[in-house]
Structures are given as C-alpha cells and as structure tokens.
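Trainee: Sharing a structure below in structure tokens format, with a few things to ask.
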Amino acid sequence: MVGQMTDVLEAALGLFVVFAAFLVLPLLVGQLEHKVMAHMQARVGPMYAGGFHGWAQLVADGVKFAQKEEVVPAAADHTIFRLAPALALIPYFVAMVAIPIGPGLVGQEIDAGVFFVLAVMGVGVIGTLMAGWASANKYSLLGAVRQVSQLMAYELPFVLAAASVVVAAGSLGFTDIVDAWQPWWLIWQLPAGAVFFVAGLAELNRPPFDMPIADAEIIFGPYTEYTGLRFALFLLAEYAGIVLLCFLTAVLFLGGWNGPFNDSWLWTFAKAGVLAFVVIWLRVSYPRLRADQLQKLAWQVLIPVALAQLLLTGVVTVAW
Amino acid sequence: MKDGGERSGGKGIGLFKGLGITFSTMTKRSITEQYPDVQPELPPRSRGVIALFEENCTSCMLCARECPDWCIYIDSHKETIPPPEEGGRERSRNVLDRFAIDFSLCMYCGICIDVCPFDALFWSPEFEYSEFDIRNMTHEKDRLGQWMATVPPPPALDPSAAEAKELQGVRKKAAAVTPPTGSGGDS
C-alpha cells in the first residue's frame with residue numbers, strides 16, 4: 001500500500017517537473033532566439049521588459065496574448081477550431097515525459113521510448129491540419145496541406161535516421177542507447193544525426209523549412225485566423241518542439257549525459273542548448289526553401305543518406 | 001535546376017559562408033543606438049533646427065523670399081533716429097517686429113541660412129522639438145533666438161584646404177605694410 005503511494009507520488013512529481021520544464025524551456029529558447037537573432041542582424045533585440053536586457057519580454061508577450069479577445073471566424077467549425085491548439089501542443093508534452101535527461105532522470109521510463117516519442121511527435125501535425133481545415137480560410141487550408149505534405153516527406157528520413165542509432169545500440173530504450181553510446185559514434189552516426197536534425201527542423205516548420213507558414217505568401221498558414229491564447233499555444237508548441245528535438249538529438253546521437261570527465265544531466269542540457277543555438281543560427285542564415293526544393297531535399301538527399309547509413313550501421317553491427 | 005552553390009568555390013560552400021557571416025556579425029558590437037536613453041552623436045552641420053541671431057538681422061527679407069515653401073514670416077517697421085550731430089540728416093533703420101519659422105512647413109533645405117548676407121541664421125543640431133499641436137511648430141523669434149545657444153562652433157578647416165578668404169586678405173595687407181624680412185607669418 002505504502003509502496004503504491006510512493007509510486008503514485010513519484011510519478012506525479014516526475015510529471016510536475018516535466019510540465020514545469022515544458023513551460024519554461026520553450027520560453028528560454030524563445031528569449032535566446034530574440035537575442036541571438038538580433039545580434040546576428042547587428043541589432044540588440046528587446047531591451048526594456050524586465051529591466052535587464054529585456055529578459056522578461058516573453059512574459060510580457062504572454063500577458064498580451066492572454067488579454068486579447070478570442071475571435072472565432074463565423075464560418076469556422078467552432079469545436080475543431082478551439083480544439084486544434086491543444087492537439088498541436090499536448091503531443092510534445094507527452095513525448096517530453098519519455099525523454100531521459102540523466103541516469104534515472106526521466107518523467108516516465110518507457111521500454112520502447114524511441115518508438116513512443118517518434119509516434120507521438122507525428123500526432124502534432126493533426127492539430128495543424130485541424131486548425132487549417134476548421135478555419136474556413138484558403139490560406140489556412142493551403143498552409144495545412146503544405147504542412148502535411150512536408151511531414152509526409154520528412155517523417156521517413158526522420159524515422160530511418162533514428163532507426164540507425166537504434167540498430168547500433170540494439171535497443172529502443174533511450175537509457176540503453178545512451179549507455180551503449182561510444183564517442184566514436186559521433187563519426188559513425190554523423191550522417192544519421194545530421195539527417196535526423198534536419199528532418200526534425202522540417203517537421204517543426206522552422207525556417208528555412210517554413211513553407212507551411214510562409215508569411216509572405218499565405219499570411220501565417222494554418223494559424224492565420226488565430227488570436228490570443230490559442231495563437232500563443234501554437235507558438236509555444238513550436239518552441240516546445242525545438243526543445244524536444246534538441247533533447248532527442250542530444251540523447252540519441254550526442255551521447256546524452258556521457259561527458260568527457262563525468263556523467264551528468266548537465267551534459268544533456270549543454271548539448272541540447274548548443275543544438276537550440278544551431279536551430280536559431282540556421283533560421284537567421286538561410287532563406288526559405290521552395291516547395292519543390294523541400295521535396296527534392298527530402299527524397300533525393302535525406303532519404304538516400306539515411307538508407308545508406310542504415311545499411312552501414314547494419315553491416316558494422318553484424319560484423320563487429 | 002542550378003543551385004547558387006556552384007558559382008563560388010565548391011558545391012555547398014556558400015551554406016557555410018552564410019553561417020560564418022551571421023556568426024561573425026553576432027560577435028561584433030551591434031550598431032543600434034539607444035536613442036531615448038543615450039543621445040546620438042550627430043555629425044557637425046547636422047540640420048536639426050534653425051537658430052536666429054536677432055542682432056544681426058536687418059529685416060532684408062532675403063530669407064523669406066528665397067524660402068521654397070514660404071515658411072518664414074517677417075514683420076518689420078522703419079524707425080528714424082535723430083541725426084548724430086546738429087544739422088545732420090535723420091537716419092532710418094529697420095526694426096524687426098516678428099521673425100517666425102513654421103517648422104511644420106520647413107523642409108530643412110537651408111537656403112535661408114546660405115542666403116543670409118549678415119550671418120543671422122544658423123543650423124543647430126537640436127531635433128527634439130516635436131509638439132502635440134501643429135500650431136506650436138511655428139517658432140517665434142524669441143524661441144528661434146534660444147536655439148542660438150545650441151549652435152556649435154564651425155568645424156575646423158581641413159589641414160590641406162585653402163586659407164579662408166578673410167585671412168588671405170588680411171595677410172596681403174600686412175605684407176604690403178611691412179617688408180617680408182622677419183620670420184613673421186603667424187596665423
């Protein structure tokens with residue numbers, strides 16, 4: 001009885017910590033993006049909110065979003081329209097629960113963690129599709145359809161690249177993968193890591209893969225009709241997706257909490273932080289890819305590379 | 001389809017060059033000026049506002065007539081001064097009653113300043129004189145006179161520039177009076 005109680009308490013505590021991280025880390029990434037992007041463009045970014053270098057800018061933005069009137073277009077499907085942001089956001093939270101940060105530091109240990117996380121991450125696109133369809137707006141629908149076609153193209157290299165490291169480690173569990181990881185995997189699994197990261201960016205609609213929300217062409221894609229908190233939830237989903245992708249890449253391909261001197265959850269955070277910086281860096285440096293370039297990159301570059309990597313991994317694993 | 005990467009160096013080099021440019025920009029100081037907190041460093045001869053040195057003005061109306069959009073208003077009257085000595089002729093002089101510039105019309109061309117033969121108008125770099133009412137943008141002569149305190153001294157001549165006309169004239173006269181034997185030649 002007491003053991004059951006502690007189990008429940010432990011699970012609740014784990015969920016609470018993950019939830020807090022889920023709310024805070026995307027804001028940190030967003031603030032980092034504000035400042036890094038500004039300095040890469042020879043600007044200074046927000047300077048006033050909070051007093052010190054605009055550290056509270058995103059808090060101020062959140063307050064603004066919360067104050068806004070919620071508008072639902074008359075022709076829109078009200079229920080679906082209202083439900084869509086939740087469906088876009090929650091999968092990332094569910095996925096984050098299963099990702100370990102350090103040895104034993106995980107919201108919920110799942111044996112087939114990689115499988116679970118990749119499956120759940122794919123659900124998020126349904127939220128976007130619902131938003132686009134329910135808005136009764138041609139731009140929203142166009143954006144949603146672009147989003148789905150992009151996901152179709154990039155889900156394959158994403159999963160194939162993850163499969164490579166799974167084959168190498170011989171396990172679907174994150175902890176087992178990190179335990180099996182060796183520094184020379186950085187070279188051996190480099191193509192898979194690169195494919196995984198790029199395909200992940202494309203799934204998150206991050207520039208340069210932001211065709212679905214290309215603001216110069218289709219306003220803001222599926223989110224065109226959204227205002228206030230629901231719009232903020234979509235934005236939060238995007239940044240939560242960045243956090244998730246960075247932790248996933250760090251755990252799968254960069255050895256997670258394996259560090260040069262000691263093993264610590266700090267290493268996972270450092271690696272994910274560097275990756276988050278790279279995400280922002282890529283956004284600032286590259287222009288948006290066209291639809292045909294997007295498809296070409298996925299089918300002619302990423303998928304062949306991922307397949308070749310999978311072959312190499314299989315041969316090396318069997319031959320070793 | 002030709003990609004841009006083929007043009008310079010190897011294929012795809014441009015992708016890394018782009019990353020390098022953004023990264024090096026990030027490490028440099030940003031060029032943003034924190035204007036309301038820190039005053040900008042304006043170059044000399046900035047065209048902020050026009051100052052009036054009233055004592056030099058003779059109400060000749062040249063500035064008002066040359067102004068392309070007629071934003072200078074001048075009212076004056078003539079006063080006679082009693083003759084300086086017995087039996088002399090009465091002198092008349094212009095007295096400036098009103099000198100106003102409507103900065104809501106002014107296009108900051110500076111023609112009035114160039115055209116003034118008596119050095120009564122000057123550029124001042126001050127620029128913070130916005131108003132909530134457009135009528136307050138017309139600065140009367142007392143306000144125009146207050147700007148005089150903000151007029152910077154003229155920038156020094158370029159070291160290799162020709163000497164000012166006034167100095168050349170003085171030097172020529174001095175040379176005519178004293179023979180050029182001494183070490184002389186001080187500016």
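Ordering of the structure tokens sets the chain letters (A, B, ...), residue numbers begin anew at 1 in every chain, and ligands are numbered from 1 in the order given.
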Excluding same-chain residues fewer than 3 positions from Ala272 of chain A, what lies within 6 Å of it counting only C-alpha atoms, as an MDAnalysis selection string?
Mentor: chainID A and resid 246:247 250 269 275
Trainee: Save out the residues we just selected, C-alpha atoms, as a PDB file, in the first residue's frame.
Mentor:
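The resulting file, out12.pdb, is reproduced below:
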ATOM      1  CA  CYS A 246      17.279  19.234 -29.321  1.00  0.00           C
ATOM      2  CA  PHE A 247      16.969  16.836 -26.387  1.00  0.00           C
ATOM      3  CA  ALA A 250      21.392  15.108 -27.840  1.00  0.00           C
ATOM      4  CA  PHE A 269      21.368  20.259 -21.103  1.00  0.00           C
ATOM      5  CA  LEU A 275      21.655  22.457 -30.627  1.00  0.00           C
TER       6      LEU A 275
END
Trainee: Go through segment 93-272 of chain A and collect every residue that DSSP, computed from the backbone, puts in alpha helix (DSSP H); the answer should be as JSON, numbers by chain.
Mentor: {"A": [93, 94, 95, 96, 97, 113, 114, 115, 116, 117, 118, 119, 120, 121, 122, 123, 124, 125, 126, 127, 128, 129, 130, 131, 132, 133, 134, 138, 139, 140, 141, 142, 143, 144, 145, 146, 147, 148, 149, 150, 151, 152, 153, 154, 155, 156, 157, 158, 159, 160, 161, 162, 163, 164, 165, 166, 167, 168, 169, 174, 175, 176, 177, 178, 179, 180, 185, 186, 187, 188, 190, 191, 192, 193, 194, 195, 196, 197, 198, 199, 200, 201, 202, 203, 215, 216, 217, 218, 228, 229, 230, 231, 232, 233, 234, 235, 236, 237, 238, 239, 240, 241, 242, 243, 244, 245, 246, 247, 248, 249, 250, 251, 252, 253, 265, 266, 267, 268, 269, 270, 271, 272]}
Trainee: Produce a file of the selected residues containing C-alpha atoms, as a CSV table (one decimal), in the first residue's frame.
Mentor:
chain,number,residue,atom,x,y,z
A,93,PHE,CA,4.5,17.3,-23.7
A,94,VAL,CA,3.7,13.6,-23.8
A,95,ALA,CA,6.8,13.0,-25.8
A,96,MET,CA,8.9,15.0,-23.4
A,97,VAL,CA,7.8,12.8,-20.5
A,113,GLY,CA,11.0,5.0,-25.8
A,114,VAL,CA,12.2,5.9,-29.3
A,115,PHE,CA,9.2,4.3,-30.9
A,116,PHE,CA,6.8,6.0,-28.5
A,117,VAL,CA,8.4,9.5,-28.9
A,118,LEU,CA,8.5,9.3,-32.7
A,119,ALA,CA,4.9,8.1,-32.9
A,120,VAL,CA,3.6,10.8,-30.5
A,121,MET,CA,5.5,13.6,-32.3
A,122,GLY,CA,3.8,12.7,-35.5
A,123,VAL,CA,0.4,13.4,-33.9
A,124,GLY,CA,1.1,17.1,-33.6
A,125,VAL,CA,0.6,17.6,-37.3
A,126,ILE,CA,-3.1,16.7,-36.9
A,127,GLY,CA,-3.5,19.7,-34.7
A,128,THR,CA,-2.2,21.9,-37.5
A,129,LEU,CA,-4.3,20.2,-40.1
A,130,MET,CA,-7.4,20.6,-37.9
A,131,ALA,CA,-6.6,24.3,-37.5
A,132,GLY,CA,-6.2,24.8,-41.2
A,133,TRP,CA,-9.3,22.9,-42.1
A,134,ALA,CA,-11.5,24.3,-39.4
A,138,LYS,CA,-8.0,29.4,-48.1
A,139,TYR,CA,-4.6,30.4,-46.7
A,140,SER,CA,-5.1,28.3,-43.6
A,141,LEU,CA,-6.0,25.3,-45.7
A,142,LEU,CA,-3.1,25.8,-48.1
A,143,GLY,CA,-0.7,26.0,-45.1
A,144,ALA,CA,-2.2,22.9,-43.6
A,145,VAL,CA,-1.9,20.9,-46.8
A,146,ARG,CA,1.7,22.1,-47.2
A,147,GLN,CA,2.4,21.1,-43.7
A,148,VAL,CA,1.0,17.6,-44.2
A,149,SER,CA,2.9,17.1,-47.5
A,150,GLN,CA,6.1,18.3,-45.8
A,151,LEU,CA,5.6,15.9,-42.9
A,152,MET,CA,5.0,13.0,-45.3
A,153,ALA,CA,8.3,13.7,-47.0
A,154,TYR,CA,10.4,14.2,-43.8
A,155,GLU,CA,8.9,11.7,-41.4
A,156,LEU,CA,10.6,8.9,-43.4
A,157,PRO,CA,14.2,10.2,-43.1
A,158,PHE,CA,13.5,11.2,-39.5
A,159,VAL,CA,12.5,7.7,-38.6
A,160,LEU,CA,15.2,6.0,-40.7
A,161,ALA,CA,17.9,8.1,-39.0
A,162,ALA,CA,16.5,7.2,-35.6
A,163,ALA,CA,16.4,3.5,-36.6
A,164,SER,CA,20.1,3.6,-37.4
A,165,VAL,CA,21.1,4.5,-33.9
A,166,VAL,CA,18.5,2.0,-32.5
A,167,VAL,CA,20.2,-0.7,-34.6
A,168,ALA,CA,23.6,0.4,-33.4
A,169,ALA,CA,22.6,0.2,-29.8
A,174,PHE,CA,16.7,5.9,-24.5
A,175,THR,CA,18.7,4.9,-21.4
A,176,ASP,CA,20.1,1.8,-23.2
A,177,ILE,CA,21.1,3.8,-26.2
A,178,VAL,CA,22.9,6.3,-24.1
A,179,ASP,CA,24.6,3.5,-22.2
A,180,ALA,CA,25.7,1.8,-25.4
A,185,TRP,CA,29.7,7.0,-32.8
A,186,LEU,CA,29.9,10.8,-33.4
A,187,ILE,CA,31.7,9.9,-36.6
A,188,TRP,CA,30.0,6.7,-37.4
A,190,LEU,CA,27.2,11.6,-38.1
A,191,PRO,CA,25.1,11.3,-41.3
A,192,ALA,CA,22.2,9.8,-39.4
A,193,GLY,CA,22.4,12.6,-36.8
A,194,ALA,CA,22.5,15.3,-39.5
A,195,VAL,CA,19.6,13.8,-41.3
A,196,PHE,CA,17.6,13.4,-38.1
A,197,PHE,CA,18.3,17.0,-37.1
A,198,VAL,CA,17.4,18.5,-40.5
A,199,ALA,CA,14.3,16.4,-40.9
A,200,GLY,CA,13.2,17.3,-37.4
A,201,LEU,CA,13.6,21.0,-38.2
A,202,ALA,CA,11.4,20.4,-41.3
A,203,GLU,CA,8.8,18.7,-39.2
A,215,ASP,CA,4.1,34.7,-44.1
A,216,ALA,CA,4.9,36.4,-47.4
A,217,GLU,CA,2.7,34.1,-49.4
A,218,ILE,CA,-0.1,32.7,-47.2
A,228,GLY,CA,-4.8,35.5,-28.2
A,229,LEU,CA,-4.1,32.5,-26.1
A,230,ARG,CA,-4.8,29.9,-28.7
A,231,PHE,CA,-2.3,31.5,-31.1
A,232,ALA,CA,0.2,31.7,-28.2
A,233,LEU,CA,-0.3,27.9,-27.7
A,234,PHE,CA,0.7,27.3,-31.3
A,235,LEU,CA,3.8,29.4,-30.8
A,236,LEU,CA,4.5,27.5,-27.6
A,237,ALA,CA,4.1,24.2,-29.5
A,238,GLU,CA,6.7,25.4,-32.0
A,239,TYR,CA,9.3,26.2,-29.3
A,240,ALA,CA,8.4,23.1,-27.3
A,241,GLY,CA,9.1,21.2,-30.5
A,242,ILE,CA,12.6,22.8,-30.7
A,243,VAL,CA,13.3,21.8,-27.1
A,244,LEU,CA,12.1,18.3,-27.8
A,245,LEU,CA,14.1,17.9,-31.0
A,246,CYS,CA,17.3,19.2,-29.3
A,247,PHE,CA,17.0,16.8,-26.4
A,248,LEU,CA,16.1,14.0,-28.7
A,249,THR,CA,19.2,14.7,-30.9
A,250,ALA,CA,21.4,15.1,-27.8
A,251,VAL,CA,20.2,11.8,-26.3
A,252,LEU,CA,20.2,9.7,-29.5
A,253,PHE,CA,23.3,11.0,-31.3
A,265,TRP,CA,22.5,15.6,-16.6
A,266,LEU,CA,24.2,18.9,-17.1
A,267,TRP,CA,25.9,17.5,-20.3
A,268,THR,CA,22.5,16.7,-21.7
A,269,PHE,CA,21.4,20.3,-21.1
A,270,ALA,CA,24.6,21.7,-22.5
A,271,LYS,CA,24.3,19.6,-25.7
A,272,ALA,CA,20.6,20.5,-26.1
Trainee: With only C-alpha atoms considered, list every residue of chain A at most 12 Å from chain B, as a PDB file with C-alpha atoms, in the first residue's frame.
Mentor:
ATOM      1  CA  LYS A  35      18.678  37.987 -28.606  1.00  0.00           C
ATOM      2  CA  VAL A  36      20.766  35.750 -30.863  1.00  0.00           C
ATOM      3  CA  MET A  37      18.786  36.655 -33.957  1.00  0.00           C
ATOM      4  CA  ALA A  38      19.041  40.340 -33.084  1.00  0.00           C
ATOM      5  CA  HIS A  39      22.812  40.237 -32.633  1.00  0.00           C
ATOM      6  CA  MET A  40      23.271  38.193 -35.798  1.00  0.00           C
ATOM      7  CA  GLN A  41      21.480  41.040 -37.583  1.00  0.00           C
ATOM      8  CA  ALA A  42      23.573  43.722 -35.820  1.00  0.00           C
ATOM      9  CA  ARG A  43      20.606  44.703 -33.627  1.00  0.00           C
ATOM     10  CA  VAL A  44      20.183  44.389 -29.861  1.00  0.00           C
ATOM     11  CA  GLY A  45      16.690  42.894 -29.597  1.00  0.00           C
ATOM     12  CA  PRO A  46      14.333  43.553 -26.671  1.00  0.00           C
ATOM     13  CA  MET A  47      15.979  45.782 -24.065  1.00  0.00           C
ATOM     14  CA  TYR A  48      13.230  47.136 -21.794  1.00  0.00           C
ATOM     15  CA  PHE A 277      21.520  27.738 -30.733  1.00  0.00           C
ATOM     16  CA  VAL A 278      22.172  25.940 -34.030  1.00  0.00           C
ATOM     17  CA  VAL A 279      18.426  25.876 -34.722  1.00  0.00           C
ATOM     18  CA  ILE A 280      18.311  29.659 -34.329  1.00  0.00           C
ATOM     19  CA  TRP A 281      21.541  30.101 -36.263  1.00  0.00           C
ATOM     20  CA  LEU A 282      20.147  28.180 -39.243  1.00  0.00           C
ATOM     21  CA  ARG A 283      16.983  30.252 -39.122  1.00  0.00           C
ATOM     22  CA  VAL A 284      18.903  33.511 -39.336  1.00  0.00           C
ATOM     23  CA  SER A 285      21.299  32.331 -42.040  1.00  0.00           C
ATOM     24  CA  TYR A 286      19.126  30.677 -44.660  1.00  0.00           C
ATOM     25  CA  PRO A 287      16.213  31.824 -46.812  1.00  0.00           C
ATOM     26  CA  LEU A 289      13.086  26.675 -49.297  1.00  0.00           C
ATOM     27  CA  ASP A 292       9.960  21.724 -54.878  1.00  0.00           C
ATOM     28  CA  GLN A 293      13.297  22.264 -53.117  1.00  0.00           C
ATOM     29  CA  LYS A 296      13.889  17.378 -53.519  1.00  0.00           C
TER      30      LYS A 296
END
Trainee: Applying 12 Å and only C-alpha atoms, which residues near Trp123 of chain B remain after dropping the ones on its own chain fewer than 6 positions away? List them as a ChimeraX atom specification.
Mentor: /B:44-53,108-114,144-145,147-154
Trainee: DSSP on the backbone, strand (DSSP E or B) only: what residues of chain B does that give? Format it as a count of residues only.
Mentor: 32
